[in-house]
Amino acid sequence: MAEFTMPALGADMTEGTLVEWLVHPGDQVHKGDIIAVVDTAKAAIEVECFESGVVERLLVEPDATVPVGTALAVITPAGKQPVAQAEQPAAPPAALTPAMTPLVRHLAEERGVDLAAVHGSGPGGRVTRADVLATSPPRAHPKGREARRPSTRAAEHAPEQPQRVPSAAGVERDTSAAGPHRPTAARVRATPLARRLAAEADIELAGIDGTGSGGAVRAADVRAALRGPSPVRKPQVAAPGRPEAMRRAIGDLMARSKREIPHYYLSTTIDLAAATGWLREQNRRLPVTERLVPAALLLKAAARAAREVPQLNGFFIEGSFAAAPEVHLGVAVSLRGGGLVAPAIHHAADLPLPELMARLRDLVARARAGRLRGSEATDPTITVTSLGDHGVEAVFGVIYPPQVALVGLGKVVERPWAVDGLLGVRPVVTATLSADHRASDGATGARYLAALERLLQKPEEL
Amino acid sequence: MNHDQAMALVQDVLTEIVPDADFTTIGPDTRFREALELDSLDFLNLVERLAERAGCRIDEDDYPRLVTLDSSATLLAERT
């Protein structure tokens, strides 16, 4: 018997609001499955479970705000609970299951859909409920499944709904991450992408003519509405809480950082001629979907350098520093409309560049759509902030507690540069390090920036 | 694709990337990367979608021309 508890999704989080359960009692869950959505001041976060087994009981209702550590559900570990096993088809082999919620997996099993053949349209290629439904014609009477039908209701992050109703594809689900859940007056049939687009553009789905099956609103309809004269804007009062709450959360965490962490700061300017030249050659051969941005190269180098200087990679907890065994690189992502989040790219030092690039794109897209996962929010062991795209040459950041270092990268600029006694024009970047003096000294920090510079001179080895 | 169609395509794609983009303030000669605060990943998304929808290749050497609506539309109109 294991308890699934309200996780601490950041050093600043003391309580969280359960937005929605994505599982129901009796459901099989696998370690790493997304089983709940939790709202913090900063974002709605999809929370994975750390146990494989069967959901016994849900202890907390959606909309409840509880302290970190509160038991939310009881999960019976796999192997100890044969109940429900017999009734359910065997889970598909793990190799064939891309990221998805247990509900989607169940739905696919019910309908006999081969998940490996389904194209995932969700974030990160995740297979959504709509994808499964699109692949299979609905069966008129799912045998012996009536009782379970409601549980297949919401495969995606959705706000609490007043009642659980058996649903067809695309019942009203507000996937907006921008604000607290809003009760919706009318139920509108729409595809998940359409819903997301509408939420991002802040327009009402109800005001859009759907051209999909059964009048469902499709993404193209939303785009058409956006081009049209006057899409129905959602009332601006709809999501007042988030920006202020996020500003306060960032402020509290940064104030704590400045209060508790004796920062020291280092800066160096790095010649990027080799790196940008190499990138250019690579990208010339690649289709646009596989091209690399300089940020990917810089992040890889930052992660490798963190591995070389473990005194900067880890956490300062209860009076002492503990180095982390892996480098999970936090990446500061600024959000449209203000605020930022810094989720992790796991094992960044070991990822091949194309993979790291893909993860970066996926992570930034999900961060902006408010669809981060719990492990991404909590795992960074060192963070990189990059303001180069916003035009500044150097950034001296504030460390995210309990991490002990923050790397700042500025804009890549062309500057006069002396090489072998000759003056030339070179692309350069200013790299900075803010580090915690309780965990390391300036000499250690200097080794980090030196490693970063050295690694960037051999981009082909990154 | 003529210049007007190309212009509409660029606006469509920018709207997908920045849903609240306001083209009453972004004219044909406004530098939209700055105006819309596009980062390098947003810009890559822009290039990817333009290349796909217009059905033409856009190389890194072309990036300096994707600066304003007008210059982007000219590039796309040439290629298609």
# chains A, B, ... in the order shown; residues from 1 in each chain; ligands from 1
$ residues_around --residues "segment 295-309 of chain A" --least-positions-apart "3" --cutoff "6 Å" --atoms "only C-alpha atoms" --output "short mmCIF file (atom, residue, chain, number, x, y, z; two decimals) with C-alpha atoms, in the first residue's frame"
data_model
loop_
_atom_site.label_atom_id
_atom_site.label_comp_id
_atom_site.auth_asym_id
_atom_site.auth_seq_id
_atom_site.Cartn_x
_atom_site.Cartn_y
_atom_site.Cartn_z
CA ASN A 313 25.66 20.66 -9.57
CA ALA A 348 21.23 16.86 -20.47
CA ALA A 349 24.94 16.05 -20.41
CA MET A 357 17.35 20.14 -29.36
CA TYR A 448 33.30 25.88 -14.51
CA ALA A 451 35.38 24.20 -18.88
CA LEU A 452 32.46 25.81 -20.67
CA LEU A 455 34.00 22.59 -24.55
#
$ residues_around --residues "Leu50 of chain B" --least-positions-apart "3" --cutoff "8 Å" --atoms "only C-alpha atoms" --output "NGL selection string"
:B and (9-10 or 13 or 46-47 or 53-55)
$ write_last_selection --atoms "C-alpha atoms" --output "PDB file, in the first residue's frame"
ATOM      1  CA  LEU B   9       0.584  33.322 -44.765  1.00  0.00           C
ATOM      2  CA  VAL B  10       3.263  35.037 -42.686  1.00  0.00           C
ATOM      3  CA  VAL B  13       1.888  31.625 -38.970  1.00  0.00           C
ATOM      4  CA  LEU B  46       8.215  30.258 -38.033  1.00  0.00           C
ATOM      5  CA  VAL B  47      10.724  29.041 -40.624  1.00  0.00           C
ATOM      6  CA  ARG B  53       2.966  25.692 -46.062  1.00  0.00           C
ATOM      7  CA  ALA B  54       4.614  27.544 -48.890  1.00  0.00           C
ATOM      8  CA  GLY B  55       6.277  24.348 -50.053  1.00  0.00           C
TER       9      GLY B  55
END
$ residues_around --residues "Arg49 of chain B" --least-positions-apart "4" --cutoff "12 Å" --atoms "only C-alpha atoms" --output "list in words"
Val288 and Thr289 of chain A; Leu9, Val10, Gln11, Asp12, Val13, Leu14, Thr15, Glu16, Ile17, Asp42, Phe43, Leu44, Asn45, Arg53, Ala54, Gly55, Cys56, Arg57 and Ile58 of chain B
$ residues_around --residues "Ala275 of chain A" --least-positions-apart "3" --cutoff "7 Å" --atoms "only C-alpha atoms" --output "PyMOL selection string"
chain A and resi 272+278-279+456-457+459
$ select_by_dssp --residues "segment 225-455 of chain A" --states "strand (DSSP E or B)" --output "VMD selection string"
chain A and resid 233 263 to 271 314 to 317 320 to 323 329 to 331 333 to 334 340 to 341 344 to 345 372 to 373 382 to 386 403 405 to 409 413 to 419 422 to 436
$ atom_distance --atom1 "atom CA of Phe315 of chain A" --atom2 "atom CA of Pro402 of chain A"
5.0 Å
$ select_by_dssp --residues "chain B" --states "alpha helix (DSSP H)" --output "number ranges by chain"
B: 3-17, 32-35, 40-54, 69-79
$ atom_distance --atom1 "atom CA of Thr76 of chain A" --atom2 "atom CA of Glu51 of chain A"
8.5 Å
$ closest_atom_pairs --of "chain B" --to "chain A" --cutoff "6 Å" --atoms "only C-alpha atoms" --output "CSV"
residue,atom,partner,partner_atom,distance
B:Pro19,CA,A:Ala201,CA,4.9
B:Asp20,CA,A:Ala201,CA,6.0
B:Asp39,CA,A:Asp389,CA,5.2
B:Glu48,CA,A:Val288,CA,5.7
$ residues_around --residues "Leu266 of chain A" --least-positions-apart "4" --cutoff "12 Å" --atoms "only C-alpha atoms" --output "JSON, numbers by chain"
{"A": [394, 395, 396, 397, 405, 406, 407, 408, 430, 431, 432, 433, 434, 435, 436, 441, 442, 443, 444, 445, 446, 447, 448, 449, 450]}
$ residues_around --residues "segment 1-17 of chain A" --least-positions-apart "3" --cutoff "7 Å" --atoms "only C-alpha atoms" --output "NGL selection string"
:A and (38-40 or 63-77 or 253 or 374 or 377-378 or 401-402)
$ residues_around --residues "Gly314 of chain A" --least-positions-apart "3" --cutoff "8 Å" --atoms "only C-alpha atoms" --output "NGL selection string"
:A and (310-311 or 321-324 or 381-382 or 403-404)
$ write_last_selection --atoms "C-alpha atoms" --output "mmCIF file, in the first residue's frame"
data_model
loop_
_atom_site.group_PDB
_atom_site.id
_atom_site.type_symbol
_atom_site.label_atom_id
_atom_site.label_comp_id
_atom_site.auth_asym_id
_atom_site.auth_seq_id
_atom_site.Cartn_x
_atom_site.Cartn_y
_atom_site.Cartn_z
ATOM 1 C CA PRO A 310 30.233 18.644 -9.464
ATOM 2 C CA GLN A 311 30.559 21.201 -6.662
ATOM 3 C CA PHE A 321 25.732 20.624 -0.049
ATOM 4 C CA ALA A 322 24.979 17.334 -1.724
ATOM 5 C CA ALA A 323 26.225 16.855 -5.279
ATOM 6 C CA ALA A 324 23.678 15.357 -7.667
ATOM 7 C CA THR A 381 20.344 20.430 -10.453
ATOM 8 C CA ILE A 382 21.731 23.616 -12.043
ATOM 9 C CA GLN A 403 20.365 24.711 -6.318
ATOM 10 C CA VAL A 404 23.774 26.285 -5.869
#
$ closest_residue --among "A:Ile208, A:Leu335, A:Ile261, A:Ala78" --to "Arg438 of chain A" --atoms "only C-alpha atoms"
A:Ile261
$ atom_distance --atom1 "atom CA of Phe32 of chain B" --atom2 "atom CA of Leu69 of chain B"
7.4 Å
$ closest_residue --among "A:Ala332, A:Ala249, A:Ile203, A:Val54" --to "Ile399 of chain A" --atoms "only C-alpha atoms"
A:Ala332
$ closest_residue --among "B:Leu36, B:Ala8, B:Ala21, B:Leu41" --to "Asp70 of chain B" --atoms "only C-alpha atoms"
B:Ala8
$ closest_residue --among "A:Val217, A:Leu58, A:Ala255, A:Ala344" --to "His24 of chain A" --atoms "only C-alpha atoms"
A:Leu58
